[in-house]
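Content type mmCIF, C-alpha atoms; chains and numbers go by the auth columns, from the file structure-v7.cif:
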data_data
loop_
_atom_site.group_PDB
_atom_site.id
_atom_site.type_symbol
_atom_site.label_atom_id
_atom_site.label_comp_id
_atom_site.label_asym_id
_atom_site.label_seq_id
_atom_site.Cartn_x
_atom_site.Cartn_y
_atom_site.Cartn_z
_atom_site.B_iso_or_equiv
_atom_site.auth_seq_id
_atom_site.auth_asym_id
ATOM 1 C CA PRO A 1 93.710 108.537 99.724 0.00 26 P
ATOM 2 C CA PHE A 2 90.351 108.942 101.495 0.00 27 P
ATOM 3 C CA SER A 3 90.481 112.758 101.228 0.00 28 P
ATOM 4 C CA GLY A 4 87.331 113.254 99.168 0.00 29 P
ATOM 5 C CA HIS A 5 89.372 115.217 96.627 0.00 30 P
ATOM 6 C CA HIS A 6 87.882 115.599 93.149 0.00 31 P
ATOM 7 C CA ALA A 7 91.093 115.376 91.101 0.00 32 P
ATOM 8 C CA THR A 8 91.263 112.383 88.779 0.00 33 P
ATOM 9 C CA ILE A 9 95.068 112.520 88.543 0.00 34 P
ATOM 10 C CA ASN A 10 97.597 111.604 91.247 0.00 35 P
ATOM 11 C CA ARG A 11 101.349 112.185 91.090 0.00 36 P
ATOM 12 C CA ILE A 12 103.919 110.884 93.559 0.00 37 P
ATOM 13 C CA LEU A 13 107.692 111.020 93.843 0.00 38 P
ATOM 14 C CA LEU A 14 109.382 107.889 95.138 0.00 39 P
ATOM 15 C CA ARG A 15 112.763 106.253 95.398 0.00 40 P
ATOM 16 C CA GLN A 16 114.362 103.061 96.596 0.00 41 P
ATOM 17 C CA ARG A 17 115.937 103.292 100.015 0.00 42 P
ATOM 18 C CA ASP A 18 118.523 100.544 99.512 0.00 43 P
ATOM 19 C CA PRO A 19 121.604 101.309 97.399 0.00 44 P
ATOM 20 C CA GLY A 20 122.337 99.430 94.228 0.00 45 P
ATOM 21 C CA LEU A 21 120.952 98.816 90.783 0.00 46 P
ATOM 22 C CA MET A 22 117.256 98.335 90.169 0.00 47 P
ATOM 23 C CA GLY A 23 116.228 95.231 88.276 0.00 48 P
ATOM 24 C CA GLU A 24 112.760 94.170 87.205 0.00 49 P
ATOM 25 C CA GLU A 25 111.733 93.138 90.740 0.00 50 P
ATOM 26 C CA GLN A 26 112.443 96.583 92.183 0.00 51 P
ATOM 27 C CA ILE A 27 110.711 98.337 89.292 0.00 52 P
ATOM 28 C CA VAL A 28 107.589 96.218 89.857 0.00 53 P
ATOM 29 C CA ALA A 29 107.609 97.272 93.517 0.00 54 P
ATOM 30 C CA MET A 30 107.950 100.944 92.528 0.00 55 P
ATOM 31 C CA ALA A 31 105.092 100.662 90.030 0.00 56 P
ATOM 32 C CA ASP A 32 102.838 99.176 92.716 0.00 57 P
ATOM 33 C CA ALA A 33 103.521 101.978 95.212 0.00 58 P
ATOM 34 C CA ILE A 34 100.852 104.483 94.180 0.00 59 P
ATOM 35 C CA PRO A 35 97.407 104.110 95.768 0.00 60 P
ATOM 36 C CA PRO A 36 94.448 103.824 93.381 0.00 61 P
ATOM 37 C CA VAL A 37 93.199 107.230 92.250 0.00 62 P
ATOM 38 C CA ALA A 38 89.635 106.196 93.103 0.00 63 P
ATOM 39 C CA LEU A 39 90.531 106.094 96.817 0.00 64 P
ATOM 40 C CA SER A 40 91.307 109.823 96.669 0.00 65 P
ATOM 41 C CA LEU A 41 87.697 110.470 95.668 0.00 66 P
ATOM 42 C CA VAL A 42 86.337 108.662 98.731 0.00 67 P
ATOM 43 C CA GLN A 43 85.672 110.720 101.871 0.00 68 P
ATOM 44 C CA GLY A 44 86.805 108.599 104.838 0.00 69 P
ATOM 45 C CA HIS A 45 88.108 105.054 104.835 0.00 70 P
ATOM 46 C CA ALA A 46 86.651 102.403 102.556 0.00 71 P
ATOM 47 C CA PRO A 47 87.821 98.905 101.707 0.00 72 P
ATOM 48 C CA ALA A 48 89.072 98.324 98.174 0.00 73 P
ATOM 49 C CA SER A 49 90.555 95.506 96.168 0.00 74 P
ATOM 50 C CA THR A 50 92.496 95.191 92.932 0.00 75 P
ATOM 51 C CA ILE A 51 90.597 93.186 90.334 0.00 76 P
ATOM 52 C CA SER A 52 93.358 93.196 87.740 0.00 77 P
ATOM 53 C CA TRP A 53 96.760 94.803 87.314 0.00 78 P
ATOM 54 C CA GLU A 54 98.927 94.867 84.225 0.00 79 P
ATOM 55 C CA LEU A 55 102.475 96.197 84.008 0.00 80 P
ATOM 56 C CA GLU A 56 104.309 96.824 80.770 0.00 81 P
ATOM 57 C CA PHE A 57 108.046 97.511 80.768 0.00 82 P
ATOM 58 C CA VAL A 58 109.003 100.239 78.308 0.00 83 P
ATOM 59 C CA HIS A 59 112.675 100.382 79.315 0.00 84 P
ATOM 60 C CA HIS A 60 114.495 97.202 78.360 0.00 85 P
ATOM 61 C CA GLY A 61 118.093 96.340 78.947 0.00 86 P
ATOM 62 C CA GLU A 62 120.523 96.766 81.793 0.00 87 P
ATOM 63 C CA PRO A 63 119.332 97.412 85.357 0.00 88 P
ATOM 64 C CA LEU A 64 118.852 101.076 86.222 0.00 89 P
ATOM 65 C CA GLY A 65 120.628 103.064 88.920 0.00 90 P
ATOM 66 C CA ASN A 66 118.504 104.055 91.900 0.00 91 P
ATOM 67 C CA GLU A 67 119.993 107.502 92.470 0.00 92 P
ATOM 68 C CA GLY A 68 117.447 110.287 92.449 0.00 93 P
ATOM 69 C CA TRP A 69 113.695 110.436 92.605 0.00 94 P
ATOM 70 C CA TRP A 70 111.300 108.531 90.373 0.00 95 P
ATOM 71 C CA ARG A 71 107.876 109.914 89.427 0.00 96 P
ATOM 72 C CA MET A 72 104.607 108.100 88.974 0.00 97 P
ATOM 73 C CA ASP A 73 101.585 109.723 87.372 0.00 98 P
ATOM 74 C CA ALA A 74 98.239 107.927 87.644 0.00 99 P
ATOM 75 C CA SER A 75 94.971 108.981 86.055 0.00 100 P
ATOM 76 C CA LEU A 76 91.446 107.710 86.486 0.00 101 P
ATOM 77 C CA VAL A 77 90.166 106.495 83.126 0.00 102 P
ATOM 78 C CA ALA A 78 86.634 105.537 84.175 0.00 103 P
ATOM 79 C CA ALA A 79 84.683 104.909 87.372 0.00 104 P
ATOM 80 C CA ARG A 80 81.139 103.770 88.049 0.00 105 P
ATOM 81 C CA ASP A 81 79.183 101.634 90.494 0.00 106 P
ATOM 82 C CA GLY A 82 82.213 100.926 92.688 0.00 107 P
ATOM 83 C CA TYR A 83 84.575 99.982 89.859 0.00 108 P
ATOM 84 C CA ALA A 84 87.467 102.151 88.712 0.00 109 P
ATOM 85 C CA ASN A 85 89.981 101.850 85.919 0.00 110 P
ATOM 86 C CA GLN A 86 93.302 103.731 86.002 0.00 111 P
ATOM 87 C CA ASP A 87 96.430 104.120 83.918 0.00 112 P
ATOM 88 C CA ALA A 88 99.808 105.072 85.346 0.00 113 P
ATOM 89 C CA HIS A 89 103.243 105.973 83.998 0.00 114 P
ATOM 90 C CA LEU A 90 106.482 105.359 85.909 0.00 115 P
ATOM 91 C CA TYR A 91 109.390 107.652 85.015 0.00 116 P
ATOM 92 C CA GLY A 92 113.007 107.140 86.050 0.00 117 P
ATOM 93 C CA PRO A 93 115.163 109.864 87.648 0.00 118 P
ATOM 94 C CA ASP A 94 116.255 111.007 84.173 0.00 119 P
ATOM 95 C CA GLY A 95 112.609 111.539 83.128 0.00 120 P
ATOM 96 C CA GLU A 96 112.577 108.488 80.854 0.00 121 P
ATOM 97 C CA LEU A 97 109.374 106.428 80.786 0.00 122 P
ATOM 98 C CA VAL A 98 110.188 103.060 82.364 0.00 123 P
ATOM 99 C CA ALA A 99 106.829 101.292 82.751 0.00 124 P
ATOM 100 C CA LEU A 100 103.105 101.571 82.041 0.00 125 P
ATOM 101 C CA SER A 101 100.533 100.310 84.521 0.00 126 P
ATOM 102 C CA ARG A 102 96.840 99.540 84.089 0.00 127 P
ATOM 103 C CA GLN A 103 94.674 98.637 87.055 0.00 128 P
ATOM 104 C CA MET A 104 91.017 97.895 87.747 0.00 129 P
ATOM 105 C CA VAL A 105 89.887 98.413 91.337 0.00 130 P
ATOM 106 C CA ALA A 106 86.694 97.724 93.263 0.00 131 P
ATOM 107 C CA VAL A 107 85.897 100.273 95.970 0.00 132 P
ATOM 108 C CA PHE A 108 83.359 99.216 98.602 0.00 133 P
ATOM 109 C CA ALA A 109 82.106 102.632 99.716 0.00 134 P
#

Show me this structure written as structure tokens.
Amino acid sequence: PFSGHHATINRILLRQRDPGLMGEEQIVAMADAIPPVALSLVQGHAPASTISWELEFVHHGEPLGNEGWWRMDASLVAARDGYANQDAHLYGPDGELVALSRQMVAVFA
């Protein structure tokens, strides 16, 4: 974030520090870990706020193990006049899509 980079796609690797199975609560926390892509486009610090956030679970069923690294890919869908819309995909350690995220952000730059 705040690097002034021109890429409209961010990718991070993440994992849960605590041992055990991951239920819905932990998956929500993982899905909320990636900073908005729009903040990467800003040079220097700028305040921002989420306007709306939607999370859709693709994986249903038993809790997932937390061994290994998860991956989150976020892409900027549209941005103009301080508003940005992004989509993100959260993949489990096995590469399976676990959740879809959609977020609208206001950036006050």

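Picked out by the PyMOL selection byres ((chain P and resi 73) around 8) when it runs on this file: P:Ala71, P:Pro72, P:Ser74, P:Thr75, P:Val130, P:Ala131, P:Val132, P:Phe133.
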
Can you pull out the residues contacting region 106-117 of chain P? Cut-off 6 Å, using all atoms listed in the file, and skip same-chain residues under 6 positions away; I want them as a compact mmCIF listing (two decimals) with C-alpha atoms, in the coordinates of the input.
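Contents of result_39.txt, as written:
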# COMPACT_ATOMS: atom_id res chain seq x y z
CA TRP P 95 111.30 108.53 90.37
CA ARG P 96 107.88 109.91 89.43
CA MET P 97 104.61 108.10 88.97
CA ASP P 98 101.58 109.72 87.37
CA ALA P 99 98.24 107.93 87.64
CA SER P 100 94.97 108.98 86.06
CA VAL P 123 110.19 103.06 82.36
CA ALA P 124 106.83 101.29 82.75
CA LEU P 125 103.10 101.57 82.04
CA SER P 126 100.53 100.31 84.52
CA ARG P 127 96.84 99.54 84.09
CA GLN P 128 94.67 98.64 87.06
CA MET P 129 91.02 97.90 87.75
CA VAL P 130 89.89 98.41 91.34
CA ALA P 131 86.69 97.72 93.26
CA VAL P 132 85.90 100.27 95.97

*I need the residue set behind the PyMOL selection byres ((chain P and resi 32) around 12) for this file; please write it as a ChimeraX atom specification.*
/P:26,28-31,33-36,62-67,99-102

Report as JSON the centre and the edge lengths, in Å to one decimal, of the axis-aligned box holding every listed atom of region 35-42 of chain P, padded by 8 Å on each side.
{"center_x": 106.8, "center_y": 107.6, "center_z": 95.6, "size_x": 34.3, "size_y": 25.1, "size_z": 24.9}

Requested in this report: Give as a PyMOL selection string the set of residues within 12 Å of the point (120.5, 106.6, 88.6), where distances use the file's coordinates and only C-alpha atoms.
Outcome: chain P and resi 40-41+44-47+87-95+116-121

CA of Ala103 (chain P) sits from CA of Ile59 (chain P) at a separation of 17.4 Å

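With distances taken over all atoms listed in the file, P:His70 is the one residue among P:Pro61, P:Arg42, P:His70, P:Glu50 lying closest to Ala134 (chain P).
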
re CA of Ala104 (chain P) and CA of Gln51 (chain P): distance 29.4 Å

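The space separating CA of Met55 (chain P) from CA of Leu38 (chain P) comes to 10.2 Å.
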
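Of the residues under consideration (P:Leu122, P:Leu39, P:Val83, P:Gly69), P:Leu39 shows the shortest atom-to-atom contact distance to Ala54 (chain P) when counting all atoms listed in the file.
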